[in-house]
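Structure record follows, encoded as structure tokens.
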Amino acid sequence: MIKIVNLKKSFNSHEVLKGVNLVIPGDKITFIMGRSGTGKSVLLKHIVGLLKPDEGEIWFENQDITKLSERQLQAIRKKIGFLFQEGALFDSMTVAENVAFPLKEHTNLSKKEIEKKVEELLSAVELFEAQDKYPSALSGGMRKRAALARTLALNPQVILFDEPTTGLDPILQITIMDLIKKIKETFHLTCVIISHDLLLAYKYADYIAFLDQGFIIEEGDVEKIKASTHPFVVKFRESALLELEKKEV
Amino acid sequence: MKLFQRLGRNFIKFLRDSGGIFLFFWKAFFYTFLPPLRLGLFFKQMEFIGVKSWLVVALTALFSGMVTAYQVHHALVKFGGQSVLGGVVALTLTRELGPVLSAIMVVARAGSAMTAEIGSMRITEQIDALKIMAVNPVQYLITPRIWAAMIVLPLLTAIADIIGIAGGYLIGVLVLGIDHGIFMARMEDMVELIDIMSGIYKSIFFGAFMVAVCGYKGYYASGGAEGVGRATTEAVVISSVGILVSDYILTTLFF
């Protein structure tokens with residue numbers, strides 16, 4: 001479980017987060033939704049300590065992450081994985097080397113054991129055949145799957161996904177989300193996903209939170225969100241349905 | 001009023017960059033003494049900064065030595081002092097041209113590539129990915145480069161000294177007709193160990209300075225591909241000018 005208390009963050013004079021309060025349930029898939037530029041990625045980067053808040057607390061395993069030094073954060077980061085929007089794979093390394101990287105850095109596994117683990121991870125994300133390719137030779141979906149394998153290498157308890165389906169075609173979106181669901185169940189993970197896609201959230205989320213104008217304005221399970229009368233959620237829902245109708249036409 | 005505003009803004013930027021580069025260097029240097037020791041990356045950087053730069057440094061030194069011999073001979077012949085040509089060429093090379101030209105060529109070849117590589121890692125979130133994987137990015141990216149540059153720059157300077165003097169010899173003895181014995185004897189008379197070592201010490205400083213500037217500019221690059229281009233230009237300009245300015249300061253300290 002991750003507990004966010006009164007989180008505030010400004011860039012220059014622009015207030016992005018004005019007091020976010022949210023409890024992210026453990027062992028579940030939580031979607032954080034909202035319009036572009038409302039600070040969803042900023043919120044996610046605070047959870048893993050990439051950004052320091054102006055005010056507020058983030059509690060994980062009885063520790064306030066915001067008070068930890070860079071060195072203390074390293075221990076937390078082995079438990080919280082982060083999947084960047086574009087994957088952030090090291091472009092000077094092959095897919096297999098990318099996945100092996102955290103294992104070489106943080107485990108005492110032999111070369112053979114690392115190779116075996118890399119094979120397992122790449123098979124889990126159905127990317128075994130691309131292990132010798134460089135990131136520049138991969139499609140967007142493959143890059144995301146390779147990055148997911150790398151994130152899984154250290155057996156994290158939590159994975160934060162920054163728009164894992166953005167820019168992918170609808171079939172690939174479903175493939176990636178199915179993969180996330182499968183991996184969440186196999187490895188008993190807590191997954192936090194940033195997305196704009198309400199229909200995907202309805203299908204895969206256990207919990208949904210809406211971020212707007214620096215606050216969490218609505219949160220709950222899928223049924224609660226479907227029944228919400230909050231004007232922003234209503235508008236978001238209508239837009240999502242309109243988008244669906246356009247696709248069907 | 002706008003002129004003062006611009007001057008003030010540039011002055012503040014200069015102070016911020018100077019302080020940032022200084023602190024960035026010491027942070028990277030300090031991480032040398034914290035585990036893990038990244039020997040593999042250190043040797044890789046030695047190869048990139050040193051081995052792959054030797055040819056361009058050698059070529060630059062060869063032609064600089066040759067042109068120096070020509071020009072100095074032209075001046076010396078006016079008062080019949082051409083016999084000291086060997087000494088003057090060797091002093092010019094070991095004290096100034098060897099270390100400065102080597103450093104500037106390394107900035108152009110390896111420093112610019114360093115800023116571009118680290119800068120593109122920054123904008124594609126690869127540096128954040130290192131942090132997320134509990135790897136200290138400064139220790140991983142900058143510390144091995146600082147040590148590699150501080151070791152290979154003196155070696156490149158030594159190569160530049162030898163090849164530059166050989167170029168001067170080629171012109172002085174074979175083209176301008178100075179006696180081989182006189183050329184070598186004057187060189188031995190005039191060049192002392194401090195002349196060679198001052199160039200070597202300077203090059204150690206230039207190596208550290210180049211990585212601090214180019215690494216810093218890449219590490220804090222922002223604004224997409226255009227930002228990386230801007231950071232690379234700034235890194236090359238600051239490094240090159242900084243090398244020339246610090247060369248003057250170091251020369252006054254040594255002699």
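The way I read the labels, and the way they are meant: chains A, B, ... in the order of the structure tokens, residue 1 as the first residue of every chain, and ligand 1 as the first ligand shown, with later ones counted on from there.
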
Define the interface residues of chain B facing chain A as those within 9 Å, counting only C-alpha atoms, and report them as a PyMOL selection string.
chain B and resi 36+121+124-129+131-136

Suppose we keep N, CA and C atoms; can you now write the selection as an mmCIF file, in the first residue's frame?
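Final output, saved to part34.cif:
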data_model
loop_
_atom_site.group_PDB
_atom_site.id
_atom_site.type_symbol
_atom_site.label_atom_id
_atom_site.label_comp_id
_atom_site.auth_asym_id
_atom_site.auth_seq_id
_atom_site.Cartn_x
_atom_site.Cartn_y
_atom_site.Cartn_z
ATOM 1 N N PRO B 36 30.297 0.766 -6.342
ATOM 2 C CA PRO B 36 31.244 -0.172 -6.950
ATOM 3 C C PRO B 36 32.312 0.547 -7.788
ATOM 4 N N MET B 121 20.673 10.790 -23.447
ATOM 5 C CA MET B 121 20.225 9.895 -22.360
ATOM 6 C C MET B 121 19.310 10.648 -21.398
ATOM 7 N N THR B 124 15.801 11.233 -23.163
ATOM 8 C CA THR B 124 15.017 10.010 -23.370
ATOM 9 C C THR B 124 14.815 9.256 -22.042
ATOM 10 N N GLU B 125 15.053 9.940 -20.955
ATOM 11 C CA GLU B 125 14.806 9.434 -19.586
ATOM 12 C C GLU B 125 15.685 8.257 -19.197
ATOM 13 N N GLN B 126 16.785 8.030 -19.954
ATOM 14 C CA GLN B 126 17.672 6.919 -19.596
ATOM 15 C C GLN B 126 18.419 7.205 -18.289
ATOM 16 N N ILE B 127 18.669 8.493 -18.015
ATOM 17 C CA ILE B 127 19.337 8.832 -16.751
ATOM 18 C C ILE B 127 18.385 8.588 -15.576
ATOM 19 N N ASP B 128 17.102 8.937 -15.785
ATOM 20 C CA ASP B 128 16.108 8.638 -14.752
ATOM 21 C C ASP B 128 15.985 7.121 -14.570
ATOM 22 N N ALA B 129 16.091 6.384 -15.684
ATOM 23 C CA ALA B 129 15.999 4.921 -15.600
ATOM 24 C C ALA B 129 17.144 4.360 -14.745
ATOM 25 N N LYS B 131 18.557 5.916 -12.258
ATOM 26 C CA LYS B 131 18.166 6.217 -10.866
ATOM 27 C C LYS B 131 17.133 5.222 -10.361
ATOM 28 N N ILE B 132 16.144 4.947 -11.222
ATOM 29 C CA ILE B 132 15.069 4.028 -10.840
ATOM 30 C C ILE B 132 15.629 2.645 -10.524
ATOM 31 N N MET B 133 16.710 2.273 -11.240
ATOM 32 C CA MET B 133 17.306 0.962 -10.984
ATOM 33 C C MET B 133 18.363 1.036 -9.883
ATOM 34 N N ALA B 134 18.269 2.084 -9.070
ATOM 35 C CA ALA B 134 19.160 2.260 -7.913
ATOM 36 C C ALA B 134 20.623 2.317 -8.318
ATOM 37 N N VAL B 135 20.897 2.926 -9.462
ATOM 38 C CA VAL B 135 22.276 3.135 -9.910
ATOM 39 C C VAL B 135 22.526 4.646 -9.896
ATOM 40 N N ASN B 136 23.615 5.052 -9.266
ATOM 41 C CA ASN B 136 23.937 6.481 -9.203
ATOM 42 C C ASN B 136 24.416 6.949 -10.590
#

Can you pull out every residue within 8 Å of Tyr169 (chain B), counting only C-alpha atoms, but drop anything in the same chain fewer than 2 positions away, and send it as a list of chain:residue names?
B:Met66, B:Ala69, B:Gly86, B:Ile165, B:Ala166, B:Gly167, B:Ile171, B:Gly172, B:Val173, B:Leu174, B:Phe183

So which bits of region 47-120 of chain A end up helix (DSSP H, G or I) when you DSSP the backbone, as number ranges by chain?
A: 47, 65-67, 70-77, 95-106, 111-120

Print the selection's residues with C-alpha atoms to a file, as a PDB file, in the first residue's frame.
ATOM      1  CA  ILE A  47       6.237   8.096  -5.625  1.00  0.00           C
ATOM      2  CA  ILE A  65       9.776   8.528   0.936  1.00  0.00           C
ATOM      3  CA  THR A  66       9.905  12.310   0.680  1.00  0.00           C
ATOM      4  CA  LYS A  67      12.249  12.512   3.674  1.00  0.00           C
ATOM      5  CA  GLU A  70      19.217   9.774  -2.484  1.00  0.00           C
ATOM      6  CA  ARG A  71      21.193   6.914  -0.946  1.00  0.00           C
ATOM      7  CA  GLN A  72      18.270   5.707   1.185  1.00  0.00           C
ATOM      8  CA  LEU A  73      15.991   5.946  -1.835  1.00  0.00           C
ATOM      9  CA  GLN A  74      18.124   3.378  -3.666  1.00  0.00           C
ATOM     10  CA  ALA A  75      16.806   0.642  -1.341  1.00  0.00           C
ATOM     11  CA  ILE A  76      13.202   1.738  -2.033  1.00  0.00           C
ATOM     12  CA  ARG A  77      13.786   1.830  -5.773  1.00  0.00           C
ATOM     13  CA  VAL A  95      17.421  -6.013 -25.268  1.00  0.00           C
ATOM     14  CA  ALA A  96      19.057  -8.875 -23.342  1.00  0.00           C
ATOM     15  CA  GLU A  97      21.785  -6.576 -21.996  1.00  0.00           C
ATOM     16  CA  ASN A  98      19.147  -4.075 -20.910  1.00  0.00           C
ATOM     17  CA  VAL A  99      17.277  -6.747 -18.976  1.00  0.00           C
ATOM     18  CA  ALA A 100      20.511  -8.122 -17.505  1.00  0.00           C
ATOM     19  CA  PHE A 101      21.659  -4.652 -16.385  1.00  0.00           C
ATOM     20  CA  PRO A 102      19.844  -4.443 -13.010  1.00  0.00           C
ATOM     21  CA  LEU A 103      20.763  -8.069 -12.278  1.00  0.00           C
ATOM     22  CA  LYS A 104      24.458  -7.353 -12.846  1.00  0.00           C
ATOM     23  CA  GLU A 105      24.218  -4.223 -10.706  1.00  0.00           C
ATOM     24  CA  HIS A 106      22.353  -5.603  -7.720  1.00  0.00           C
ATOM     25  CA  LYS A 111      26.764 -15.049 -15.809  1.00  0.00           C
ATOM     26  CA  LYS A 112      24.879 -18.282 -16.574  1.00  0.00           C
ATOM     27  CA  GLU A 113      22.220 -17.569 -13.951  1.00  0.00           C
ATOM     28  CA  ILE A 114      21.733 -14.059 -15.313  1.00  0.00           C
ATOM     29  CA  GLU A 115      21.365 -15.424 -18.852  1.00  0.00           C
ATOM     30  CA  LYS A 116      18.737 -17.893 -17.610  1.00  0.00           C
ATOM     31  CA  LYS A 117      16.832 -15.195 -15.722  1.00  0.00           C
ATOM     32  CA  VAL A 118      16.915 -12.888 -18.770  1.00  0.00           C
ATOM     33  CA  GLU A 119      15.498 -15.688 -20.934  1.00  0.00           C
ATOM     34  CA  GLU A 120      12.698 -16.251 -18.400  1.00  0.00           C
TER      35      GLU A 120
END

Please list as a list in words every residue within 12 Å of Ser83 (chain B), counting only C-alpha atoms and excluding residues in the same chain fewer than 6 positions away.
Ala69, Val72, His73, Ala75, Leu76, Val77, Val89, Gly172, Val173, Leu176, Gly177, Ile178, Asp179, His180, Gly181, Ile182, Phe183, Met184, Ala185, Arg186, Met187, Asp189 and Met190 of chain B

Using only C-alpha atoms, which protein or nucleic acid residues come within 10 Å of Thr94 (chain B)? Drop anything in the same chain fewer than 4 positions from it, and give the result as an MDAnalysis selection string.
chainID B and resid 89:90 98:100 157:158 160:162 164:165 191:200

Ranking B:Thr233, B:Ser246, B:Ser112, B:Ser240 by minimum distance to Gly215 (chain B) and counting only C-alpha atoms, which one comes first?
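Of all the options, B:Ser112 lies closest to Gly215 (chain B).
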
Looking only at strand (DSSP E) from DSSP on the backbone, list the matching residues of region 51-83 of chain A as a PDB file with N, CA and C atoms, in the first residue's frame.
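What ended up in selection14.pdb:
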ATOM      1  N   GLU A  55       5.669  20.123  -0.430  1.00  0.00           N
ATOM      2  CA  GLU A  55       5.008  19.807   0.841  1.00  0.00           C
ATOM      3  C   GLU A  55       4.368  18.442   0.715  1.00  0.00           C
ATOM      4  N   GLY A  56       4.119  17.784   1.848  1.00  0.00           N
ATOM      5  CA  GLY A  56       3.367  16.537   1.804  1.00  0.00           C
ATOM      6  C   GLY A  56       4.220  15.312   2.082  1.00  0.00           C
ATOM      7  N   GLU A  57       3.548  14.176   2.158  1.00  0.00           N
ATOM      8  CA  GLU A  57       4.226  12.923   2.520  1.00  0.00           C
ATOM      9  C   GLU A  57       3.791  11.802   1.577  1.00  0.00           C
ATOM     10  N   ILE A  58       4.710  10.849   1.386  1.00  0.00           N
ATOM     11  CA  ILE A  58       4.353   9.620   0.647  1.00  0.00           C
ATOM     12  C   ILE A  58       4.854   8.447   1.485  1.00  0.00           C
ATOM     13  N   TRP A  59       3.926   7.643   1.963  1.00  0.00           N
ATOM     14  CA  TRP A  59       4.294   6.544   2.860  1.00  0.00           C
ATOM     15  C   TRP A  59       4.313   5.212   2.116  1.00  0.00           C
ATOM     16  N   PHE A  60       5.448   4.512   2.257  1.00  0.00           N
ATOM     17  CA  PHE A  60       5.581   3.165   1.684  1.00  0.00           C
ATOM     18  C   PHE A  60       6.386   2.336   2.684  1.00  0.00           C
ATOM     19  N   GLN A  63       7.684   4.118   5.799  1.00  0.00           N
ATOM     20  CA  GLN A  63       8.707   5.165   5.628  1.00  0.00           C
ATOM     21  C   GLN A  63       8.127   6.292   4.782  1.00  0.00           C
ATOM     22  N   ASP A  64       8.419   7.508   5.155  1.00  0.00           N
ATOM     23  CA  ASP A  64       8.021   8.649   4.339  1.00  0.00           C
ATOM     24  C   ASP A  64       9.109   8.859   3.277  1.00  0.00           C
ATOM     25  N   ILE A  80      10.322  -0.612  -5.941  1.00  0.00           N
ATOM     26  CA  ILE A  80       9.322   0.059  -6.785  1.00  0.00           C
ATOM     27  C   ILE A  80       9.887   0.222  -8.197  1.00  0.00           C
ATOM     28  N   GLY A  81       9.329  -0.500  -9.128  1.00  0.00           N
ATOM     29  CA  GLY A  81       9.769  -0.363 -10.527  1.00  0.00           C
ATOM     30  C   GLY A  81       9.008   0.760 -11.210  1.00  0.00           C
ATOM     31  N   PHE A  82       9.573   1.259 -12.296  1.00  0.00           N
ATOM     32  CA  PHE A  82       8.929   2.365 -13.020  1.00  0.00           C
ATOM     33  C   PHE A  82       9.058   2.094 -14.503  1.00  0.00           C
ATOM     34  N   LEU A  83       7.951   2.095 -15.182  1.00  0.00           N
ATOM     35  CA  LEU A  83       7.988   1.888 -16.631  1.00  0.00           C
ATOM     36  C   LEU A  83       7.749   3.229 -17.324  1.00  0.00           C
TER      37      LEU A  83
END

State, in Å with one decimal place, the distance from CA of Tyr70 (chain B) to CA of Gly87 (chain B).
13.7 Å

Residues near Gln45 (chain B), cut-off 10 Å, only C-alpha atoms, skip fewer than 2 positions along chain, as a ChimeraX atom specification
/B:39-43,47-52,110,141,144-149,152

I want to know what sits within 12 Å of Val236 (chain B), based on only C-alpha atoms, with residues of the same chain fewer than 6 positions away left out; could you give that as a list of chain:residue names?
B:Ala103, B:Ile104, B:Met105, B:Val106, B:Val107, B:Ala108, B:Arg109, B:Ala110, B:Gly111, B:Ser112, B:Ala113, B:Met114, B:Thr115, B:Ala116, B:Phe209, B:Met210, B:Val211, B:Ala212, B:Val213, B:Cys214, B:Gly215, B:Tyr216, B:Lys217, B:Gly218, B:Gly229, B:Arg230, B:Gly242, B:Ile243

Which residues, written as a compact mmCIF listing (two decimals) with C-alpha atoms, in the first residue's frame, have at least one atom at most 12 Å from Lys40 (chain A), with only C-alpha atoms counted and residues fewer than 5 positions away on the same chain left out?
# COMPACT_ATOMS: atom_id res chain seq x y z
CA LYS A 9 4.42 20.63 -6.09
CA VAL A 16 0.82 21.40 -10.49
CA LEU A 17 -0.14 19.41 -7.42
CA VAL A 20 -3.07 15.30 -3.44
CA PHE A 31 -5.53 3.69 -12.69
CA ILE A 32 -4.74 7.39 -12.22
CA MET A 33 -6.67 9.32 -14.82
CA GLY A 34 -6.96 12.92 -15.91
CA ARG A 35 -6.44 15.34 -18.74
CA LYS A 45 7.69 10.52 -10.25
CA HIS A 46 7.17 11.64 -6.64
CA ILE A 47 6.24 8.10 -5.63
CA LEU A 160 4.41 2.38 -11.80
CA PHE A 161 3.40 2.62 -15.46
CA ASP A 162 3.58 6.00 -17.19
CA GLU A 163 1.00 5.75 -19.99
CA VAL A 192 -0.23 1.97 -10.72
CA ILE A 193 -1.11 3.00 -14.26
CA ILE A 194 -1.40 6.46 -15.71
CA SER A 195 -3.83 6.58 -18.58
CA HIS A 196 -6.37 8.66 -20.46
CA ALA A 209 -8.55 7.88 -9.18
CA PHE A 210 -9.14 11.10 -11.11
CA LEU A 211 -6.64 13.94 -10.89
CA ASP A 212 -7.83 17.40 -11.89
CA GLN A 213 -6.48 20.87 -11.15
CA GLY A 214 -3.98 19.52 -8.65
CA PHE A 215 -6.40 17.43 -6.57
CA ILE A 216 -7.79 13.90 -6.57

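Rounded to one decimal, CA of Leu7 (chain B) and CA of Asp247 (chain B) lie 26.2 Å from each other.
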
If I take CA of Ile180 (chain A) and CA of Val23 (chain A), how far is one from the other in Å, to one decimal?
20.8 Å
